[in-house]
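Shown here: model-v1.tsv, TSV, C-alpha atoms.
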```
chain	number	residue	atom	x	y	z
A	1	MET	CA	-15.12	37.04	-83.32
A	2	LEU	CA	-17.43	34.75	-81.36
A	3	SER	CA	-18.84	33.18	-84.55
A	4	LEU	CA	-15.31	32.67	-85.91
A	5	SER	CA	-14.25	31.06	-82.63
A	6	PHE	CA	-17.09	28.54	-82.83
A	7	LEU	CA	-16.38	27.92	-86.52
A	8	VAL	CA	-12.71	27.18	-85.87
A	9	GLU	CA	-13.52	24.84	-82.99
A	10	ASP	CA	-16.09	22.96	-85.09
A	11	LEU	CA	-13.70	22.63	-88.02
A	12	SER	CA	-10.98	21.40	-85.69
A	13	ILE	CA	-13.25	18.60	-84.48
A	14	LEU	CA	-14.27	17.71	-88.04
A	15	THR	CA	-10.64	17.18	-89.08
A	16	ILE	CA	-10.34	14.14	-86.83
A	17	THR	CA	-13.52	12.42	-88.07
A	18	SER	CA	-12.15	11.14	-91.39
A	19	LYS	CA	-9.45	11.72	-93.98
A	20	LYS	CA	-11.93	13.08	-96.53
A	21	MET	CA	-13.33	15.53	-94.02
A	22	ARG	CA	-9.81	16.59	-93.07
A	23	ASN	CA	-9.07	17.33	-96.73
A	24	LEU	CA	-12.26	19.39	-97.03
A	25	VAL	CA	-11.40	21.37	-93.91
A	26	GLU	CA	-7.87	21.96	-95.19
A	27	ALA	CA	-9.26	23.20	-98.50
A	28	TYR	CA	-11.47	25.62	-96.58
A	29	ARG	CA	-8.59	26.72	-94.35
A	30	VAL	CA	-6.39	27.77	-97.26
A	31	THR	CA	-9.10	30.22	-98.34
A	32	ARG	CA	-7.95	32.18	-95.26
A	33	PHE	CA	-11.46	32.25	-93.79
A	34	SER	CA	-12.71	34.89	-96.21
A	35	GLY	CA	-15.97	36.78	-95.87
A	36	PRO	CA	-17.68	36.99	-92.46
A	37	HIS	CA	-15.27	34.40	-91.03
A	38	SER	CA	-12.06	36.27	-91.87
A	39	ILE	CA	-9.30	36.33	-89.24
A	40	PRO	CA	-9.11	39.81	-87.61
A	41	TYR	CA	-5.52	40.62	-88.59
A	42	LYS	CA	-6.07	44.38	-88.29
A	43	THR	CA	-8.06	44.25	-85.06
A	44	ILE	CA	-5.28	42.36	-83.35
A	45	HIS	CA	-3.01	45.44	-83.52
A	46	THR	CA	-5.47	47.84	-81.88
A	47	ASN	CA	-5.84	48.63	-78.19
A	48	MET	CA	-8.04	46.02	-76.53
A	49	SER	CA	-9.42	45.42	-73.08
A	50	VAL	CA	-8.17	42.52	-70.98
A	51	GLU	CA	-11.29	40.51	-71.84
A	52	GLU	CA	-10.82	41.16	-75.56
A	53	GLN	CA	-7.17	40.13	-75.34
A	54	ALA	CA	-8.16	36.89	-73.60
A	55	ASP	CA	-10.73	36.18	-76.32
A	56	MET	CA	-8.14	36.84	-79.02
A	57	LEU	CA	-5.60	34.50	-77.40
A	58	SER	CA	-8.30	31.83	-77.10
A	59	LEU	CA	-9.11	32.23	-80.80
A	60	PHE	CA	-5.49	31.79	-81.85
A	61	HIS	CA	-5.16	28.77	-79.59
A	62	LYS	CA	-8.09	27.22	-81.47
A	63	LEU	CA	-6.58	28.26	-84.80
A	64	GLY	CA	-3.36	26.52	-83.78
A	65	ARG	CA	-5.25	23.36	-82.91
A	66	LEU	CA	-7.04	23.47	-86.27
A	67	MET	CA	-3.75	23.99	-88.09
A	68	LYS	CA	-2.12	21.14	-86.18
A	69	ARG	CA	-4.87	18.68	-87.02
A	70	SER	CA	-5.41	19.70	-90.63
A	71	THR	CA	-1.69	19.56	-91.51
A	72	CYS	CA	-0.77	16.48	-89.46
A	73	LEU	CA	0.24	14.55	-92.62
A	74	TYR	CA	2.34	17.39	-94.05
A	75	ALA	CA	6.13	17.28	-94.09
A	76	THR	CA	7.81	19.49	-91.49
A	77	LYS	CA	9.15	21.76	-94.24
A	78	ASP	CA	5.64	22.43	-95.55
A	79	ARG	CA	4.31	23.13	-92.07
A	80	LEU	CA	7.16	25.57	-91.47
A	81	ASN	CA	6.22	27.43	-94.65
A	82	ILE	CA	2.64	27.70	-93.40
A	83	LEU	CA	3.83	29.02	-90.03
A	84	ASN	CA	6.05	31.64	-91.66
A	85	GLU	CA	3.26	32.71	-94.02
A	86	PHE	CA	0.92	33.07	-91.05
A	87	PHE	CA	3.54	35.06	-89.12
A	88	THR	CA	4.09	37.39	-92.08
A	89	ARG	CA	0.41	38.31	-92.08
A	90	ILE	CA	0.28	38.91	-88.34
A	91	THR	CA	3.56	40.74	-87.65
A	92	CYS	CA	3.43	44.36	-86.53
A	93	SER	CA	5.79	45.60	-89.26
A	94	ASN	CA	3.24	44.58	-91.90
A	95	SER	CA	0.38	46.33	-90.15
A	96	GLY	CA	-0.61	49.92	-90.66
A	97	THR	CA	-2.64	49.98	-87.45
A	98	CYS	CA	-0.01	49.00	-84.83
A	99	LYS	CA	0.97	52.19	-83.00
A	100	ASP	CA	2.49	50.72	-79.83
A	101	GLN	CA	4.26	47.37	-80.09
A	102	SER	CA	4.75	47.20	-76.32
A	103	ARG	CA	0.97	46.93	-75.86
A	104	CYS	CA	0.19	44.97	-79.02
A	105	VAL	CA	-0.88	41.34	-78.54
A	106	ALA	CA	-0.03	40.21	-82.09
A	107	LEU	CA	3.19	38.46	-81.09
A	108	LEU	CA	1.49	36.89	-78.07
A	109	CYS	CA	-1.24	35.55	-80.35
A	110	PHE	CA	1.31	34.10	-82.74
A	111	GLY	CA	3.19	32.59	-79.80
A	112	LYS	CA	-0.01	30.92	-78.57
A	113	PHE	CA	-0.72	29.72	-82.12
A	114	LEU	CA	2.84	28.45	-82.62
A	115	HIS	CA	3.07	26.54	-79.33
A	116	THR	CA	-0.30	24.90	-79.98
A	117	VAL	CA	0.79	23.76	-83.45
A	118	ILE	CA	4.14	22.30	-82.32
A	119	ALA	CA	2.90	20.68	-79.09
A	120	GLY	CA	4.31	17.15	-79.01
A	121	TRP	CA	7.00	17.75	-81.64
A	122	ASP	CA	10.43	16.38	-80.83
A	123	ASP	CA	13.37	18.64	-79.98
A	124	SER	CA	14.94	18.46	-83.45
A	125	GLU	CA	11.70	19.63	-85.09
A	126	CYS	CA	11.32	22.42	-82.53
A	127	GLN	CA	14.88	23.49	-83.32
A	128	ARG	CA	13.91	23.71	-87.01
A	129	VAL	CA	10.89	25.81	-86.05
A	130	TYR	CA	13.08	28.18	-84.04
A	131	ASP	CA	15.66	28.50	-86.84
A	132	SER	CA	12.98	29.00	-89.48
A	133	VAL	CA	11.03	31.69	-87.62
A	134	CYS	CA	14.20	33.57	-86.60
A	135	HIS	CA	15.57	33.42	-90.15
A	136	HIS	CA	12.24	34.57	-91.56
A	137	MET	CA	12.28	37.63	-89.27
A	138	SER	CA	16.08	38.24	-89.55
A	139	ILE	CA	16.08	38.48	-85.76
A	140	GLN	CA	19.63	37.16	-85.26
A	141	ARG	CA	21.04	40.13	-87.17
A	142	ILE	CA	19.17	42.46	-84.82
A	143	VAL	CA	20.38	40.50	-81.78
A	144	LYS	CA	23.98	40.81	-82.96
A	145	THR	CA	23.60	44.58	-83.28
A	146	VAL	CA	22.09	44.83	-79.79
A	147	VAL	CA	24.57	42.65	-77.89
A	148	SER	CA	27.57	44.16	-79.68
A	149	SER	CA	26.70	47.72	-78.63
A	150	LYS	CA	26.52	49.42	-75.24
A	151	PRO	CA	23.29	49.04	-73.24
A	152	GLY	CA	20.78	51.69	-74.22
A	153	ASN	CA	22.41	52.67	-77.52
A	154	ASN	CA	19.72	50.82	-79.45
A	155	SER	CA	16.83	50.91	-77.00
A	156	GLN	CA	14.15	50.33	-79.64
A	157	LEU	CA	15.97	47.30	-81.04
A	158	GLU	CA	16.43	45.98	-77.49
A	159	ALA	CA	12.68	46.29	-76.97
A	160	ASN	CA	12.02	44.50	-80.28
A	161	VAL	CA	14.31	41.63	-79.30
A	162	ARG	CA	12.68	41.37	-75.87
A	163	HIS	CA	9.14	41.38	-77.28
A	164	PHE	CA	9.95	38.87	-80.02
A	165	PHE	CA	11.62	36.20	-77.90
A	166	ARG	CA	9.42	36.65	-74.82
A	167	ARG	CA	6.08	36.68	-76.61
A	168	VAL	CA	6.75	34.15	-79.36
A	169	PHE	CA	8.90	31.54	-77.61
A	170	LEU	CA	9.10	32.06	-73.83
A	171	ASP	CA	5.91	33.48	-72.32
A	172	PRO	CA	3.56	30.89	-73.92
A	173	CYS	CA	5.47	28.06	-72.18
A	174	THR	CA	3.44	26.30	-69.51
A	175	THR	CA	6.23	24.26	-67.88
A	176	ILE	CA	9.74	25.04	-66.65
A	177	PRO	CA	11.40	22.39	-68.90
A	178	ASP	CA	9.72	23.93	-71.96
A	179	LYS	CA	10.91	27.41	-71.02
A	180	ALA	CA	14.41	26.08	-70.32
A	181	PHE	CA	14.47	24.47	-73.78
A	182	TRP	CA	13.53	27.69	-75.58
A	183	ILE	CA	15.87	29.85	-73.48
A	184	SER	CA	18.69	27.48	-74.43
A	185	ARG	CA	17.76	27.95	-78.11
A	186	VAL	CA	17.94	31.72	-77.68
A	187	LEU	CA	21.29	31.71	-75.84
A	188	LYS	CA	23.14	28.84	-77.54
A	189	PRO	CA	24.46	30.69	-80.65
A	190	TRP	CA	26.19	33.39	-78.58
A	191	PRO	CA	29.31	33.54	-76.36
A	192	ILE	CA	28.73	33.74	-72.61
A	193	VAL	CA	29.15	37.55	-72.41
A	194	PHE	CA	26.44	38.02	-75.04
A	195	GLN	CA	24.29	35.42	-73.27
A	196	ALA	CA	24.41	37.56	-70.13
A	197	ARG	CA	23.37	40.63	-72.15
A	198	LEU	CA	20.50	38.71	-73.69
A	199	LEU	CA	19.25	37.50	-70.31
A	200	PHE	CA	19.43	41.07	-69.04
A	201	ILE	CA	17.42	42.31	-72.03
A	202	LEU	CA	14.84	39.54	-71.78
A	203	TYR	CA	14.12	39.54	-68.07
A	204	THR	CA	14.99	42.86	-66.46
A	205	GLY	CA	12.76	45.87	-66.11
A	206	HIS	CA	13.48	49.33	-67.42
A	207	PHE	CA	16.21	51.27	-65.59
A	208	SER	CA	16.19	55.05	-65.81
A	209	SER	CA	19.67	55.15	-64.26
A	210	SER	CA	22.53	52.77	-63.64
A	211	PRO	CA	21.97	50.62	-60.52
A	212	GLU	CA	24.43	50.34	-57.68
A	213	ASP	CA	26.87	47.44	-57.72
A	214	TRP	CA	25.21	44.25	-56.58
A	215	LEU	CA	26.04	42.78	-53.19
A	216	LEU	CA	28.19	39.66	-53.46
A	217	GLU	CA	25.52	37.66	-51.67
A	218	ASN	CA	22.94	38.62	-54.31
A	219	ILE	CA	25.38	37.78	-57.10
A	220	ALA	CA	26.00	34.38	-55.50
A	221	GLY	CA	22.26	33.75	-55.29
A	222	LEU	CA	21.82	34.62	-58.96
A	223	LEU	CA	24.70	32.36	-59.98
A	224	LEU	CA	23.25	29.41	-58.07
A	225	ALA	CA	19.92	30.03	-59.78
A	226	CYS	CA	21.66	30.05	-63.19
A	227	GLY	CA	22.95	26.53	-62.64
A	228	GLU	CA	26.30	24.80	-62.30
A	229	ASP	CA	27.38	25.03	-65.96
A	230	ILE	CA	26.96	28.80	-66.35
A	231	THR	CA	28.41	29.52	-62.90
A	232	THR	CA	31.47	27.34	-63.54
A	233	LYS	CA	32.14	29.12	-66.84
A	234	MET	CA	31.90	32.52	-65.17
A	235	LEU	CA	34.17	31.53	-62.28
A	236	SER	CA	36.68	29.89	-64.64
A	237	SER	CA	36.80	33.09	-66.69
A	238	LYS	CA	37.77	35.05	-63.56
A	239	ALA	CA	40.46	32.46	-62.76
A	240	ILE	CA	41.94	32.58	-66.27
A	241	ASN	CA	42.13	36.37	-66.04
A	242	GLY	CA	43.84	36.24	-62.64
A	243	ARG	CA	40.99	37.88	-60.71
A	244	TYR	CA	41.55	35.71	-57.64
A	245	GLY	CA	40.31	38.29	-55.14
A	246	GLU	CA	36.88	38.54	-56.80
A	247	LEU	CA	36.83	34.79	-57.25
A	248	ALA	CA	37.53	34.12	-53.57
A	249	GLY	CA	34.73	36.46	-52.47
A	250	THR	CA	32.24	34.90	-54.89
A	251	ILE	CA	33.04	31.35	-53.75
A	252	ALA	CA	32.77	32.35	-50.08
A	253	TYR	CA	29.35	33.85	-50.68
A	254	LEU	CA	28.26	30.83	-52.71
A	255	CYS	CA	28.94	28.81	-49.55
A	256	LEU	CA	27.05	31.33	-47.44
A	257	VAL	CA	23.97	31.25	-49.68
A	258	CYS	CA	24.01	27.44	-49.66
A	259	VAL	CA	24.09	27.38	-45.85
A	260	LYS	CA	21.36	30.02	-45.50
A	261	HIS	CA	18.98	28.26	-47.86
A	262	ASN	CA	19.90	24.66	-47.01
A	263	PHE	CA	21.38	23.95	-50.45
A	264	ASP	CA	23.89	21.15	-50.96
A	265	LEU	CA	27.41	22.57	-50.66
A	266	SER	CA	28.75	19.79	-52.90
A	267	GLN	CA	27.92	21.83	-56.01
A	268	VAL	CA	30.24	24.62	-54.80
A	269	ILE	CA	33.06	22.11	-54.24
A	270	VAL	CA	32.54	20.65	-57.72
A	271	MET	CA	32.69	24.14	-59.23
A	272	LEU	CA	35.81	24.95	-57.19
A	273	GLU	CA	37.52	21.81	-58.49
A	274	SER	CA	36.71	22.84	-62.07
A	275	VAL	CA	38.06	26.34	-61.44
A	276	ILE	CA	41.30	25.05	-59.91
A	277	ALA	CA	41.74	22.76	-62.92
A	278	VAL	CA	41.96	25.74	-65.30
A	279	ILE	CA	44.68	27.44	-63.21
A	280	GLU	CA	48.05	26.30	-64.52
A	281	SER	CA	50.41	27.41	-61.75
A	282	PRO	CA	50.38	25.38	-58.49
A	283	LYS	CA	51.35	28.58	-56.70
A	284	ASN	CA	48.26	30.37	-58.02
A	285	LYS	CA	46.07	27.41	-57.08
A	286	MET	CA	47.28	27.61	-53.48
A	287	SER	CA	46.91	31.39	-53.58
A	288	LEU	CA	43.24	31.06	-54.51
A	289	LEU	CA	42.53	28.62	-51.66
A	290	ASN	CA	44.34	30.90	-49.19
A	291	ARG	CA	42.39	33.92	-50.43
A	292	ILE	CA	39.11	32.08	-49.88
A	293	MET	CA	40.02	31.30	-46.27
A	294	ASP	CA	41.27	34.88	-45.74
A	295	PHE	CA	37.99	36.20	-47.13
A	296	PHE	CA	36.05	34.06	-44.66
A	297	LYS	CA	38.24	35.39	-41.85
A	298	GLU	CA	37.60	39.03	-42.79
A	299	LEU	CA	33.91	38.33	-43.21
A	300	ILE	CA	33.62	36.83	-39.74
A	301	LEU	CA	35.76	39.52	-38.08
A	302	ASP	CA	33.75	42.31	-39.71
A	303	THR	CA	30.48	40.74	-38.63
A	304	HIS	CA	31.75	40.16	-35.08
A	305	GLU	CA	33.00	43.74	-34.81
A	306	PHE	CA	29.58	45.18	-35.62
A	307	THR	CA	27.49	42.56	-33.85
A	308	ASP	CA	25.13	43.79	-31.18
A	309	SER	CA	22.82	41.36	-29.43
A	310	ASP	CA	19.93	43.77	-30.04
A	311	ASP	CA	20.40	44.57	-33.72
A	312	GLY	CA	19.74	41.12	-35.21
A	313	ASN	CA	23.29	40.48	-36.49
A	314	ASP	CA	23.68	37.32	-34.41
A	315	ASN	CA	22.11	35.29	-37.18
A	316	GLU	CA	24.52	36.68	-39.78
A	317	PHE	CA	27.47	35.86	-37.56
A	318	PHE	CA	26.16	32.32	-37.13
A	319	TYR	CA	25.70	31.88	-40.89
A	320	HIS	CA	29.22	33.12	-41.64
A	321	VAL	CA	30.78	30.73	-39.13
A	322	ALA	CA	28.57	27.87	-40.33
A	323	ALA	CA	29.50	28.54	-43.96
A	324	LEU	CA	33.22	28.47	-43.15
A	325	THR	CA	32.77	25.31	-41.09
A	326	GLU	CA	30.88	23.44	-43.81
A	327	PHE	CA	33.30	24.59	-46.51
A	328	THR	CA	36.29	23.49	-44.43
A	329	LYS	CA	34.68	20.11	-43.74
A	330	ARG	CA	34.23	19.53	-47.46
A	331	LEU	CA	37.82	20.55	-48.20
A	332	ILE	CA	39.10	18.16	-45.52
A	333	GLN	CA	37.02	15.33	-46.95
A	334	LEU	CA	38.33	16.15	-50.41
A	335	GLY	CA	41.93	16.33	-49.28
A	336	PHE	CA	41.82	13.09	-47.31
A	337	LYS	CA	39.33	11.13	-49.42
A	338	LEU	CA	41.87	8.37	-50.11
A	339	ALA	CA	42.58	7.92	-46.41
A	340	LEU	CA	38.98	8.08	-45.24
A	341	PRO	CA	36.75	4.96	-45.21
A	342	ASN	CA	33.89	4.82	-47.70
```
Structure rendered as structure tokens:
Amino acid sequence: MLSLSFLVEDLSILTITSKKMRNLVEAYRVTRFSGPHSIPYKTIHTNMSVEEQADMLSLFHKLGRLMKRSTCLYATKDRLNILNEFFTRITCSNSGTCKDQSRCVALLCFGKFLHTVIAGWDDSECQRVYDSVCHHMSIQRIVKTVVSSKPGNNSQLEANVRHFFRRVFLDPCTTIPDKAFWISRVLKPWPIVFQARLLFILYTGHFSSSPEDWLLENIAGLLLACGEDITTKMLSSKAINGRYGELAGTIAYLCLVCVKHNFDLSQVIVMLESVIAVIESPKNKMSLLNRIMDFFKELILDTHEFTDSDDGNDNEFFYHVAALTEFTKRLIQLGFKLALPN
């Protein structure tokens, strides 16, 4: 593999010396590196040490750079065909030696190769890459089966979906904006309930039993991490379905998390305004606001009842009062914004 690694790196450098040399390198590349320089498609599916895996990923990074340089004048459609052909040869389903896909680095290698090839492409071209690779692997049909069934009913398919998206599109990302872009590609075709299932499949560990219900504070923290758009959609869904009690508790804890972690409470107020806008009845709008204040009251009374100066609950009591205070301040500013000076 070492000789192949040096060969690929040398060829990659030669492609940028002249057009004629690039054409010669491309002619050599399409021979699929036959003979002693053949790409180890079978070896990639066997169990390897950490050092061997690192060497393999480095090789496919260099292969991606060679492919990028040698096909730089190709149309996007032709480059997509090359990517899909390469993926077909490397995928586990076409290998007779892959015995454990969870430990196989084939998809990781293709992900490294793919991200190297498309580095610098604009978003529309990356979208075409995503659509082409997913269509080639018929992955969306598998995703539909997984998200439409109960968790655990298709555990092997869930694992396949997780491995495919994580290793090909998500894990090779080196920056948060890149990862956000690819996650949005994965989630965009599906309604919000299926998006939640997909996120669960992609980023949670294996559970041997059902977990306890999450604490509202943890749910609020997760929602804030998900961003304003997703959180607003989830809260609006609760409002449309008349689940004002749950909604009030979630909003109260969103305020609490913001106060605890010094986040700007304005985002909670903006989300609350959006939620109130989807409630048609003025009576129900007022009911929601009253429920939020009542929830704060119960929260503070419960904390005060069990507060002991020696058990460390003083901080919790302070945070609850501070959250209510800040929330009330924002509501007052909102209610009297026309009367208050700028």
inquiry  = Considering only C-alpha atoms, can you say which of A:Leu63, A:Leu83, A:Ala159, A:Leu11 comes closest to Arg128 of chain A?
reply    = A:Leu83
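Interatomic distance, atom CA of Lys150 of chain A against atom CA of Ala106 of chain A: 28.9 Å.
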Which residue of A:Ile240, A:Ile90, A:Met48, A:Val257 approaches Ser281 of chain A most closely, using all atoms listed in the file = A:Ile240
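Distances here use only C-alpha atoms; by that measure, the residue among A:Val270, A:Leu170, A:Met137, A:Met21 closest to Tyr203 of chain A is A:Leu170.
Taking atom CA of Leu272 of chain A and atom CA of Gly242 of chain A as the two end points, the separation is 14.9 Å.
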request  = Work out how far atom CA of Ile219 of chain A is from atom CA of Lys283 of chain A, in Å to one decimal.
outcome  = 27.6 Å
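For the choices A:Gln53, A:Ser149, A:His136, A:Ser58, the atom-to-atom distance to Ile82 of chain A is smallest for A:His136 when using only C-alpha atoms.
If you measure from each of A:Asp123, A:Asp78, A:Asp55, A:Asp229 to Trp182 of chain A using all atoms listed in the file, the closest one turns out to be A:Asp123.
Using only C-alpha atoms, the shortest contact distance between Ile118 of chain A and any of A:Arg197, A:Lys297, A:Arg291, A:Arg79 is found at A:Arg79.
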Selection: 10 Å around Asp171 of chain A, only C-alpha atoms, excl. self and same-chain fewer than 6 positions, as a VMD selection string = chain A and resid 108 111 to 112 163 165 179
message = Env of Arg167 of chain A: 12 Å cut, atoms = only C-alpha atoms, seq-sep filter 5 positions within chain, self excluded. Answer as a PyMOL selection string.
response = chain A and resi 57+101-115+159-162+172-173+179+182+202
message = Taking 4 positions as the minimum chain separation for residues in the same chain, which residues sit within 12 Å of Glu273 of chain A when counting only C-alpha atoms? Answer as a ChimeraX atom specification.
response = /A:232,235-236,239,251,266-269,277-279,285,288-289,330-331,334-335
Padding 6 Å on each side, edges along x, y and z: where is the centre of the box around the listed atoms of segment 130-134 of chain A, and how long are its edges in Å to one decimal? Output it as JSON.
```
{"center_x": 13.3, "center_y": 30.9, "center_z": -86.8, "size_x": 16.6, "size_y": 17.4, "size_z": 17.4}
```
